[in-house]
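Below is work.txt, holding compact mmCIF, C-alpha atoms.
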# COMPACT_ATOMS: atom_id res chain seq x y z
CA MET A 130 -13.20 -23.82 -3.64
CA SER A 131 -13.92 -20.43 -5.23
CA GLU A 132 -14.10 -17.38 -3.01
CA GLN A 133 -17.11 -15.07 -2.81
CA PRO A 134 -17.83 -12.92 -5.89
CA ILE A 135 -16.71 -9.32 -5.59
CA ILE A 136 -19.55 -6.87 -5.07
CA TRP A 137 -19.09 -3.25 -6.15
CA GLU A 138 -21.30 -0.61 -4.48
CA THR A 139 -21.90 1.19 -7.76
CA SER A 140 -21.55 0.60 -11.48
CA GLY A 141 -18.53 2.91 -11.42
CA THR A 142 -15.11 2.46 -9.83
CA SER A 143 -14.91 5.19 -7.19
CA ARG A 144 -15.58 2.67 -4.39
CA ILE A 145 -13.14 -0.22 -4.64
CA PRO A 146 -13.95 -3.39 -2.66
CA PHE A 147 -11.23 -4.56 -0.27
CA ALA A 148 -11.72 -8.03 -1.79
CA VAL A 149 -9.87 -7.02 -4.98
CA TYR A 150 -6.71 -6.90 -2.85
CA THR A 151 -7.23 -10.03 -0.75
CA GLN A 152 -8.77 -12.89 -2.73
CA GLN A 153 -6.34 -15.50 -4.01
CA ASP A 154 -8.56 -16.59 -6.91
CA VAL A 155 -8.74 -12.95 -8.05
CA HIS A 156 -4.96 -12.72 -7.90
CA LYS A 157 -4.53 -15.84 -10.05
CA LYS A 158 -7.02 -14.48 -12.57
CA GLU A 159 -5.12 -11.17 -12.68
CA LEU A 160 -1.87 -12.98 -13.43
CA GLU A 161 -3.45 -14.80 -16.36
CA ARG A 162 -5.30 -11.82 -17.81
CA PHE A 163 -2.85 -8.98 -17.16
CA PHE A 164 0.61 -10.56 -17.04
CA TYR A 165 0.41 -13.66 -19.25
CA LYS A 166 -2.08 -12.63 -21.97
CA ALA A 167 -2.59 -9.57 -24.18
CA HIS A 168 -0.20 -7.32 -22.22
CA TRP A 169 3.45 -6.30 -22.40
CA SER A 170 5.59 -6.54 -19.27
CA TYR A 171 8.80 -4.66 -18.53
CA VAL A 172 11.86 -6.89 -18.17
CA GLY A 173 14.83 -4.52 -18.21
CA LEU A 174 17.10 -2.14 -20.06
CA GLU A 175 19.37 -3.00 -22.98
CA ALA A 176 22.21 -1.37 -21.05
CA GLU A 177 21.96 -4.18 -18.46
CA ILE A 178 23.11 -6.74 -21.04
CA PRO A 179 25.50 -4.81 -23.32
CA ASN A 180 27.74 -7.75 -24.36
CA THR A 181 27.20 -11.07 -26.08
CA GLY A 182 26.40 -13.69 -23.45
CA ASP A 183 25.14 -11.21 -20.88
CA PHE A 184 21.93 -12.15 -19.09
CA LYS A 185 19.57 -10.87 -16.43
CA ARG A 186 17.12 -13.00 -14.45
CA THR A 187 13.84 -11.27 -13.72
CA VAL A 188 10.12 -12.04 -13.78
CA VAL A 189 6.97 -11.55 -15.81
CA GLY A 190 4.14 -11.71 -13.30
CA GLU A 191 5.22 -14.54 -11.01
CA ARG A 192 7.06 -16.48 -13.72
CA SER A 193 10.86 -16.39 -13.70
CA VAL A 194 12.39 -15.35 -17.04
CA ILE A 195 15.89 -14.68 -18.39
CA MET A 196 16.76 -11.76 -20.67
CA THR A 197 19.81 -12.62 -22.80
CA ARG A 198 21.94 -11.13 -25.56
CA ALA A 199 22.69 -13.92 -28.04
CA GLN A 200 25.67 -14.41 -30.36
CA ASP A 201 24.01 -12.37 -33.09
CA GLY A 202 23.51 -9.45 -30.72
CA GLN A 203 19.74 -9.93 -30.53
CA ILE A 204 17.88 -9.77 -27.24
CA HIS A 205 15.82 -12.79 -26.23
CA VAL A 206 13.60 -13.48 -23.23
CA VAL A 207 13.06 -17.12 -22.24
CA GLU A 208 11.27 -18.73 -19.34
CA ASN A 209 13.50 -20.00 -16.55
CA VAL A 210 11.95 -23.49 -16.64
CA CYS A 211 13.96 -26.41 -17.99
CA ALA A 212 12.08 -28.27 -20.74
CA HIS A 213 13.10 -31.60 -19.18
CA ARG A 214 11.87 -31.71 -15.58
CA GLY A 215 10.78 -28.15 -15.04
CA MET A 216 13.57 -26.88 -12.81
CA ALA A 217 14.10 -23.10 -12.45
CA PHE A 218 17.73 -23.63 -13.38
CA CYS A 219 19.13 -20.07 -13.47
CA ARG A 220 19.89 -18.80 -9.97
CA GLU A 221 22.15 -15.77 -10.59
CA ARG A 222 20.57 -12.34 -11.07
CA HIS A 223 23.13 -11.17 -13.64
CA GLY A 224 26.10 -12.69 -15.44
CA ASN A 225 27.64 -13.82 -18.70
CA LYS A 226 27.35 -17.31 -20.18
CA LYS A 227 28.02 -19.00 -23.49
CA GLU A 228 25.00 -21.23 -22.94
CA LEU A 229 22.26 -21.89 -20.41
CA VAL A 230 22.69 -25.21 -18.60
CA CYS A 231 20.33 -26.87 -16.13
CA PRO A 232 22.41 -28.39 -13.31
CA TYR A 233 19.92 -31.17 -12.63
CA HIS A 234 20.57 -33.25 -15.78
CA GLN A 235 22.86 -30.91 -17.76
CA TRP A 236 20.42 -30.13 -20.55
CA SER A 237 21.96 -27.15 -22.33
CA TYR A 238 20.34 -24.37 -24.31
CA ALA A 239 21.62 -21.67 -26.62
CA LEU A 240 21.11 -18.10 -25.45
CA ASP A 241 17.98 -17.88 -27.60
CA GLY A 242 16.47 -20.85 -25.75
CA LYS A 243 17.01 -23.55 -28.37
CA LEU A 244 17.90 -26.96 -26.96
CA GLN A 245 21.39 -27.91 -28.06
CA GLY A 246 22.55 -30.71 -25.78
CA VAL A 247 20.96 -33.70 -24.00
CA PRO A 248 23.28 -36.07 -22.09
CA PHE A 249 22.85 -39.72 -23.08
CA ARG A 250 20.39 -38.76 -25.76
CA ARG A 251 21.44 -41.84 -27.73
CA GLY A 252 21.94 -44.03 -24.70
CA VAL A 253 25.13 -45.65 -23.46
CA ARG A 254 26.99 -48.64 -24.92
CA GLN A 255 27.35 -51.56 -22.52
CA ASP A 256 28.39 -55.14 -23.33
CA GLY A 257 28.27 -54.52 -27.04
CA LYS A 258 24.80 -52.99 -27.12
CA VAL A 259 23.24 -49.54 -26.62
CA ASN A 260 21.02 -49.13 -23.58
CA GLY A 261 18.59 -46.33 -22.84
CA GLY A 262 18.50 -43.00 -24.57
CA MET A 263 15.67 -40.80 -25.76
CA PRO A 264 13.02 -42.17 -28.14
CA ALA A 265 13.97 -42.27 -31.82
CA ASP A 266 11.49 -39.52 -32.66
CA PHE A 267 12.87 -37.12 -30.02
CA ASP A 268 13.52 -33.80 -31.79
CA PRO A 269 15.46 -31.06 -29.92
CA LYS A 270 13.56 -28.42 -31.89
CA ASP A 271 10.42 -29.42 -29.99
CA HIS A 272 11.98 -29.04 -26.55
CA GLY A 273 13.52 -25.61 -26.25
CA LEU A 274 12.82 -23.14 -23.48
CA THR A 275 9.54 -21.23 -23.71
CA SER A 276 10.36 -18.13 -25.71
CA LEU A 277 8.57 -14.83 -25.13
CA LYS A 278 7.78 -12.18 -27.70
CA VAL A 279 10.20 -9.27 -27.29
CA ALA A 280 9.91 -5.56 -28.07
CA VAL A 281 12.69 -3.02 -27.58
CA ARG A 282 12.15 0.73 -27.77
CA GLY A 283 14.50 3.47 -26.66
CA GLY A 284 16.71 0.95 -24.88
CA VAL A 285 13.84 -0.49 -22.82
CA VAL A 286 12.99 -4.20 -23.16
CA PHE A 287 9.45 -5.58 -22.87
CA ALA A 288 8.28 -9.17 -23.23
CA SER A 289 5.02 -11.09 -23.46
CA PHE A 290 4.05 -14.74 -23.23
CA ASP A 291 1.28 -13.87 -25.71
CA HIS A 292 2.77 -13.82 -29.21
CA ASP A 293 -0.46 -12.29 -30.55
CA VAL A 294 -0.19 -9.24 -28.29
CA ALA A 295 -0.67 -5.83 -29.94
CA SER A 296 2.44 -3.92 -30.96
CA LEU A 297 4.17 -2.13 -28.09
CA GLU A 298 3.33 1.23 -29.66
CA ASP A 299 -0.38 0.39 -29.94
CA TYR A 300 -0.29 -1.02 -26.41
CA MET A 301 1.01 2.27 -25.00
CA GLY A 302 -1.15 4.47 -27.21
CA PRO A 303 -0.07 7.84 -28.62
CA THR A 304 -0.51 9.89 -25.43
CA ILE A 305 1.66 7.71 -23.21
CA LEU A 306 4.10 6.95 -26.04
CA GLN A 307 4.83 10.67 -26.25
CA TYR A 308 6.00 10.74 -22.63
CA PHE A 309 7.86 7.44 -22.96
CA ASP A 310 9.81 8.77 -25.96
CA ARG A 311 10.53 11.99 -24.10
CA LEU A 312 12.55 10.03 -21.51
CA PHE A 313 13.87 7.24 -23.73
CA ASN A 314 14.76 9.43 -26.68
CA GLY A 315 17.50 7.31 -28.29
CA ARG A 316 20.41 8.33 -26.08
CA GLN A 317 22.50 5.42 -24.82
CA LEU A 318 21.47 4.52 -21.29
CA LYS A 319 23.96 3.98 -18.45
CA ILE A 320 23.13 1.85 -15.40
CA LEU A 321 23.88 3.60 -12.10
CA GLY A 322 22.56 1.09 -9.58
CA TYR A 323 19.71 -0.91 -8.09
CA ASN A 324 17.47 -0.99 -5.03
CA ARG A 325 15.21 -3.90 -4.10
CA GLN A 326 12.51 -4.20 -1.49
CA ARG A 327 9.70 -6.56 -0.51
CA ILE A 328 6.47 -4.72 0.24
CA PRO A 329 3.74 -6.67 2.08
CA GLY A 330 0.83 -5.37 0.02
CA ASN A 331 -1.15 -6.13 -3.12
CA TRP A 332 0.73 -5.27 -6.32
CA LYS A 333 -2.04 -2.97 -7.58
CA LEU A 334 -1.47 -0.66 -4.63
CA MET A 335 1.81 0.49 -6.16
CA GLN A 336 0.12 1.20 -9.49
CA GLU A 337 -2.47 3.18 -7.51
CA ASN A 338 0.22 5.01 -5.54
CA ILE A 339 1.82 6.43 -8.68
CA LYS A 340 -1.60 7.27 -10.16
CA ASP A 341 -2.41 9.21 -7.00
CA PRO A 342 -1.42 12.91 -7.02
CA TYR A 343 -3.45 13.52 -3.84
CA HIS A 344 -0.90 12.07 -1.41
CA PRO A 345 2.55 13.47 -2.40
CA GLY A 346 2.04 16.90 -0.84
CA LEU A 347 0.49 15.35 2.28
CA LEU A 348 2.39 12.13 2.99
CA HIS A 349 5.74 13.18 1.50
CA THR A 350 6.72 16.19 3.59
CA TRP A 351 10.06 16.27 1.77
CA PHE A 352 8.38 16.93 -1.58
CA VAL A 353 6.23 19.81 -0.49
CA THR A 354 8.83 21.36 1.81
CA PHE A 355 11.33 21.81 -0.99
CA GLY A 356 8.84 22.44 -3.77
CA LEU A 357 9.52 19.32 -5.80
CA TRP A 358 5.88 18.29 -6.02
CA ARG A 359 3.11 20.63 -4.94
CA ALA A 360 -0.62 20.48 -5.54
CA ASP A 361 -0.59 24.01 -6.97
CA ASN A 362 2.25 23.46 -9.42
CA LYS A 363 1.34 23.58 -13.09
CA SER A 364 0.30 20.01 -13.76
CA GLU A 365 -1.47 17.55 -16.05
CA LEU A 366 -2.87 14.04 -15.70
CA ARG A 367 -2.93 12.02 -18.92
CA MET A 368 -4.12 8.49 -19.80
CA ASP A 369 -4.24 6.09 -22.72
CA GLU A 370 -7.62 5.41 -24.31
CA HIS A 371 -8.17 2.32 -22.12
CA HIS A 372 -7.31 4.27 -18.92
CA ARG A 373 -4.84 1.57 -17.84
CA HIS A 374 -1.63 3.62 -18.34
CA ALA A 375 -1.13 7.13 -17.00
CA ALA A 376 1.29 10.04 -16.71
CA MET A 377 1.39 12.61 -13.92
CA ILE A 378 3.22 15.72 -15.13
CA SER A 379 4.34 18.57 -12.86
CA THR A 380 6.49 21.67 -13.30
CA ARG A 381 8.43 22.74 -10.21
CA GLY A 382 8.29 26.39 -9.21
CA SER A 383 5.37 27.25 -11.45
CA ALA A 384 3.24 28.19 -8.43
CA GLY A 385 5.94 30.10 -6.57
CA GLU A 386 8.45 28.82 -4.05
CA ALA A 387 8.05 28.40 -0.33
CA LYS A 388 7.85 32.05 0.77
CA GLY A 389 5.44 32.98 -2.00
CA ALA A 390 3.30 29.87 -1.74
CA SER A 391 -0.45 30.11 -2.00
CA SER A 392 -2.39 30.03 1.26
CA ASP A 393 -4.22 26.86 0.22
CA VAL A 394 -0.96 24.95 0.12
CA THR A 395 0.70 26.47 3.16
CA GLN A 396 -2.29 25.46 5.26
CA VAL A 397 -1.11 21.88 4.87
CA SER A 398 0.46 20.95 8.20
CA SER A 399 3.40 19.13 6.58
CA PHE A 400 4.59 22.26 4.77
CA LYS A 401 7.61 23.79 6.56
CA ALA A 402 8.41 27.05 4.83
CA SER A 403 11.42 27.72 7.06
CA MET A 404 13.15 24.35 6.67
CA GLN A 405 16.56 24.41 4.98
CA LEU A 406 18.98 21.73 3.81
CA HIS A 407 22.39 21.58 5.48
CA ASP A 408 23.77 20.41 2.12
CA PRO A 409 22.16 22.43 -0.70
CA SER A 410 23.95 20.30 -3.31
CA PHE A 411 21.31 17.66 -2.67
CA LEU A 412 18.92 19.81 -4.71
CA ASP A 413 21.49 20.96 -7.23
CA ILE A 414 18.92 20.74 -10.02
CA VAL A 415 20.01 21.51 -13.57
CA PRO A 416 17.37 21.78 -16.31
CA GLU A 417 17.96 19.39 -19.22
CA ASP A 418 17.07 19.94 -22.88
CA TRP A 419 14.89 16.84 -23.09
CA TRP A 420 12.60 17.97 -20.24
CA GLY A 421 10.65 20.29 -22.51
CA GLY A 422 9.21 22.05 -19.47
CA PRO A 423 8.06 19.49 -16.88
CA THR A 424 10.42 18.88 -13.97
CA ALA A 425 8.66 15.65 -12.97
CA VAL A 426 6.85 12.98 -14.97
CA MET A 427 5.67 9.83 -13.21
CA MET A 428 4.45 7.33 -15.78
CA THR A 429 2.67 4.06 -14.99
CA LEU A 430 2.59 1.35 -17.63
CA PHE A 431 0.03 -1.21 -16.54
CA PRO A 432 0.59 -3.74 -15.10
CA SER A 433 4.29 -3.98 -14.38
CA VAL A 434 6.37 -0.80 -14.40
CA ILE A 435 6.75 2.82 -13.41
CA PHE A 436 9.05 5.19 -15.28
CA GLN A 437 10.19 8.05 -13.11
CA GLN A 438 11.71 11.41 -13.88
CA GLN A 439 11.85 13.49 -10.72
CA VAL A 440 14.11 16.46 -11.57
CA ASN A 441 17.50 14.95 -12.56
CA SER A 442 16.84 11.52 -11.05
CA VAL A 443 15.56 8.94 -13.55
CA SER A 444 14.71 5.31 -12.90
CA THR A 445 12.48 2.37 -13.67
CA ARG A 446 10.47 0.68 -10.93
CA HIS A 447 9.52 -2.94 -11.64
CA ILE A 448 6.47 -4.38 -9.84
CA GLN A 449 6.90 -8.14 -9.27
CA PRO A 450 3.83 -9.81 -7.68
CA ASP A 451 4.34 -12.56 -5.11
CA GLY A 452 0.96 -13.80 -3.98
CA HIS A 453 -2.05 -11.57 -3.44
CA GLY A 454 -0.51 -9.84 -0.41
CA ALA A 455 3.08 -9.03 -1.37
CA PHE A 456 5.28 -7.84 -4.21
CA ASP A 457 8.93 -7.19 -4.85
CA PHE A 458 9.77 -3.69 -6.04
CA VAL A 459 12.98 -3.30 -8.02
CA TRP A 460 14.44 0.11 -8.84
CA THR A 461 16.92 0.54 -11.67
CA HIS A 462 18.56 3.97 -11.51
CA PHE A 463 20.13 5.10 -14.76
CA GLY A 464 21.59 8.02 -16.61
CA PHE A 465 22.92 8.57 -20.11
CA GLU A 466 26.31 7.72 -21.59
CA ASP A 467 26.86 11.33 -22.64
CA ASP A 468 26.20 12.70 -19.13
CA THR A 469 29.02 14.73 -17.65
CA PRO A 470 30.62 13.34 -14.45
CA GLU A 471 28.89 16.15 -12.58
CA MET A 472 25.47 15.13 -13.93
CA THR A 473 26.10 11.48 -13.03
CA ASP A 474 26.96 12.52 -9.47
CA ARG A 475 23.83 14.68 -9.39
CA ARG A 476 21.60 11.80 -10.55
CA LEU A 477 23.08 9.50 -7.91
CA ARG A 478 22.71 12.08 -5.17
CA GLN A 479 19.08 12.79 -6.05
CA ALA A 480 18.36 9.05 -6.26
CA ASN A 481 18.58 9.09 -2.46
CA LEU A 482 15.08 10.54 -2.51
CA PHE A 483 13.86 7.17 -3.72
CA GLY A 484 14.25 3.45 -3.08
CA PRO A 485 13.53 1.47 0.13
CA ALA A 486 15.18 4.02 2.43
CA GLY A 487 14.56 7.11 0.30
CA PHE A 488 13.51 10.38 1.93
CA VAL A 489 10.27 10.09 -0.05
CA SER A 490 9.64 6.49 -1.08
CA ALA A 491 9.99 4.83 2.32
CA ASP A 492 6.64 6.44 3.13
CA ASP A 493 4.91 4.64 0.25
CA GLY A 494 6.02 1.18 1.30
CA GLU A 495 4.79 1.75 4.83
CA VAL A 496 1.33 3.04 3.95
CA ILE A 497 0.84 0.19 1.45
CA GLU A 498 1.71 -2.34 4.16
CA PHE A 499 -0.71 -0.78 6.64
CA SER A 500 -3.47 -0.62 4.02
CA GLN A 501 -3.08 -4.30 3.20
CA GLN A 502 -3.27 -5.20 6.89
CA ALA A 503 -6.65 -3.47 7.13
CA PHE A 504 -7.96 -5.01 3.89
CA GLU A 505 -7.29 -8.51 5.20
CA THR A 506 -9.40 -7.94 8.33
CA LYS A 507 -12.49 -6.34 6.76
CA SER A 508 -13.27 -8.19 3.56
CA ASN A 509 -16.69 -6.61 2.95
CA HIS A 510 -15.56 -2.98 3.12
CA ARG A 511 -14.30 -0.69 0.32
CA THR A 512 -11.97 2.23 -0.34
CA LEU A 513 -13.19 5.63 -1.51
CA ALA A 514 -11.58 7.28 -4.54
CA GLU A 515 -13.92 10.20 -5.17
CA LEU A 516 -11.60 13.20 -5.02
CA GLY A 517 -12.43 15.24 -8.12
CA GLY A 518 -15.72 13.42 -8.62
CA ARG A 519 -16.67 9.93 -9.71
CA ASP A 520 -16.01 10.16 -13.44
CA VAL A 521 -12.85 9.26 -15.36
CA GLY A 522 -11.01 11.77 -17.50
CA GLU A 523 -7.79 13.71 -18.00
CA THR A 524 -7.26 16.89 -16.00
CA ASP A 525 -4.99 19.93 -15.77
CA HIS A 526 -4.71 19.75 -11.98
CA MET A 527 -3.64 17.31 -9.28
CA VAL A 528 -6.60 17.42 -6.90
CA THR A 529 -8.27 14.26 -8.18
CA GLU A 530 -8.20 10.47 -8.03
CA THR A 531 -9.35 10.07 -11.62
CA LEU A 532 -6.36 7.94 -12.65
CA ILE A 533 -7.20 5.34 -9.98
CA ARG A 534 -10.82 5.26 -11.10
CA GLY A 535 -9.61 4.86 -14.68
CA MET A 536 -7.38 1.90 -13.83
CA TYR A 537 -10.24 0.08 -12.14
CA GLU A 538 -12.55 0.87 -15.03
CA TYR A 539 -10.11 -1.11 -17.18
CA TRP A 540 -9.69 -3.75 -14.46
CA ARG A 541 -13.43 -4.39 -14.38
CA LYS A 542 -13.67 -4.69 -18.15
CA VAL A 543 -10.95 -7.34 -18.27
CA MET A 544 -11.63 -9.22 -15.04
CA GLU A 545 -15.42 -9.30 -15.31
CA ALA A 546 -15.61 -10.03 -19.03

Can the structure from this file be put into structure tokens for me?
Amino acid sequence: MSEQPIIWETSGTSRIPFAVYTQQDVHKKELERFFYKAHWSYVGLEAEIPNTGDFKRTVVGERSVIMTRAQDGQIHVVENVCAHRGMAFCRERHGNKKELVCPYHQWSYALDGKLQGVPFRRGVRQDGKVNGGMPADFDPKDHGLTSLKVAVRGGVVFASFDHDVASLEDYMGPTILQYFDRLFNGRQLKILGYNRQRIPGNWKLMQENIKDPYHPGLLHTWFVTFGLWRADNKSELRMDEHHRHAAMISTRGSAGEAKGASSDVTQVSSFKASMQLHDPSFLDIVPEDWWGGPTAVMMTLFPSVIFQQQVNSVSTRHIQPDGHGAFDFVWTHFGFEDDTPEMTDRRLRQANLFGPAGFVSADDGEVIEFSQQAFETKSNHRTLAELGGRDVGETDHMVTETLIRGMYEYWRKVMEA
């Protein structure tokens, strides 16, 4: 039985109905329209599978997939669903294999997903005759694993179930591509570690969170106390032409440090001008050539990933939906192969700002959980995203919720088409 249609208060997107976060039929429609058709999803980094036979199990939407490096060195992404009886056969997160084998009936696949072995395909000989076996017209070429379209740029791997999807470059658009290429500029990536967490909230709330420059200087006392992200820093908000992807760009120190802060910022109760770190090496920030000015760029690629540069800490954040009211959030912290040992240590140290227990990011998981709890109890209500007005557009300041309004402008076009 279909749930009630979603009613928006206005023709715009500044008032978002709670129902977009709570209805199961809406969630299923989102999976089909955003994750399985016409969109690219992040699946990992090339550096996670450097050698022939390496694989990583991950997801696109709620479908389990495997990213592999085949014998010819090419990267493939195949669905983790055996072509025989549908078992999700790969259970390890990472590893190295010569082939992919389903334990149920031992059907085996090459690393590119082609079926290469079927036990008893031609039956078994008993009492002078052959019994059983697959039909005579059974062709292994027709029964490989579902293969996704793959795009690799700057060491980042994307995949799509839709083989007619636009090119990755067109999908990002020139504005967002500029910031993507700034971070993934051709240098060899180096994996530093992972964090994983389950957040009991709708997956879109994390996209919203990183399109929301209003909260960092209010919720994240750590950020504003030490000047990493302040509302009065020199900043920009940029979007692609569809308003689905976004970049929040900030330059630390451009508005003065704690003692010289503007009165508008120091009026914020969370700002502690006198607070000091016992270990100053935690903020041992060293400017890098590739920054080109900004000290922080938080980039959201709709629907599945966030690319983070917060001073010297760089990571990807993979959003993995699990029902309308929960998602897994997987952080991959990385550096570059030509980093000095000191820079690698610095990136690891600063990564403690983020992840499930990070000085900053633990706040986000908690407020998303509490928001979802309220949404579930008041289905006819709505959120208000009217800071900076009700229109959608790029800005040169942070005091706006325009990026959230832009995302839901795109959401309405696709979901209500």

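Between CA of Thr512 (chain A) and CA of Ile145 (chain A) there is a distance of 5.1 Å.
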
Worksheet item: For Phe488 (chain A), which residue out of A:Ser403, A:Gln438, A:Trp351, A:Ser508 is the nearest one, using all atoms listed in the file?
Response: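 Nearest to Phe488 (chain A): A:Trp351.
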
Cut-off 12 Å: closest region 418-464 of chain A/region 491-502 of chain A atom pairs per residue, using all atoms listed in the file, as CSV:
residue,atom,partner,partner_atom,distance
A:His453,CA,A:Gln501,CA,9.9
A:Gly454,CA,A:Gln501,CA,7.1
A:Ala455,CA,A:Glu498,CA,8.8
A:Phe456,CA,A:Gly494,CA,10.6
A:Asp457,CA,A:Gly494,CA,10.8
A:Phe458,CA,A:Gly494,CA,9.6

Item to complete: Mind checking which residues fall within 12 Å of Gly464 (chain A), counting only C-alpha atoms, ignoring those fewer than 3 positions away in the same chain, and posting them as number ranges by chain?
Response: A: 174, 176, 284, 312-313, 316-322, 437-438, 441-445, 461, 467-477, 479-480

Worksheet item: Residues at most 12 Å from Gln449 (chain A), counting all atoms listed in the file, excluding those fewer than 5 positions away in the same chain, as a ChimeraX atom specification?
Response: /A:160,164,170-172,187-194,325-333,335-336,432-435,454-460

Worksheet item: By how many Å are CA of Trp540 (chain A) and CA of Ser276 (chain A) apart?
Response: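 CA of Ser276 (chain A) lies 27.1 Å from CA of Trp540 (chain A).
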
The centre and edge lengths of an axis-aligned box containing all atoms of region 171-186 of chain A present in the file, extended by 3 Å on each side, are to be given in Å to one decimal, as JSON.
{"center_x": 18.3, "center_y": -7.5, "center_z": -20.3, "size_x": 24.9, "size_y": 18.3, "size_z": 17.6}

Discussion item. So, with all atoms listed in the file as the atoms that count, which of A:Ala217, A:Val440, A:Cys231, A:Ala486 lies closest to Gly382 (chain A)?
Written reply: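 Using all atoms listed in the file, Gly382 (chain A) sits closest to A:Val440.
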
Worksheet item: Can you list, as a list in words, every protein, DNA or RNA residue that comes within 10 Å of Lys507 (chain A) when you count all atoms listed in the file, leaving out same-chain residues fewer than 2 positions away?
Response: Pro146, Phe147, Ala148, Thr151, Gln502, Ala503, Phe504, Glu505, Asn509, His510 and Arg511 of chain A

Practice prompt. Enter the distance from CA of Val543 (chain A) to CA of Met428 (chain A), in Å, rounded to one decimal.
Written response: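 Separating CA of Val543 (chain A) from CA of Met428 (chain A) is a distance of 21.4 Å.
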
Discussion item. Nearest residue to Glu175 (chain A) out of A:Gly422, A:Gly517, A:Pro232, A:Gly315, using only C-alpha atoms?
Written reply: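 Looking only at the distances to Glu175 (chain A), the closest residue turns out to be A:Gly315.
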
Fill in: Residue with smallest distance to Asp293 (chain A) - pool A:Trp236, A:Phe218, A:Phe309, A:Trp169, counting only C-alpha atoms
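When distances to Asp293 (chain A) are compared using only C-alpha atoms, the smallest one comes from A:Trp169.
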
Item to complete: Would you mind telling me which residue in A:Leu532, A:Val206, A:Met527, A:Cys211 lies nearest to Met368 (chain A) when using all atoms listed in the file?
Response: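 So, comparing all the options, the nearest one is A:Leu532.
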
Item to complete: Would you mind listing what lies within 9 Å of Val426 (chain A) as a PyMOL selection string, with all atoms listed in the file counted and same-chain residues fewer than 2 positions away left out?
Response: chain A and resi 308+376-380+423-424+428+436-440

Discussion item. My list of candidates is A:Val253, A:Ile339, A:Ala288, A:Met544. Which is closest to Met196 (chain A) when distances are computed with all atoms listed in the file?
Written reply: A:Ala288
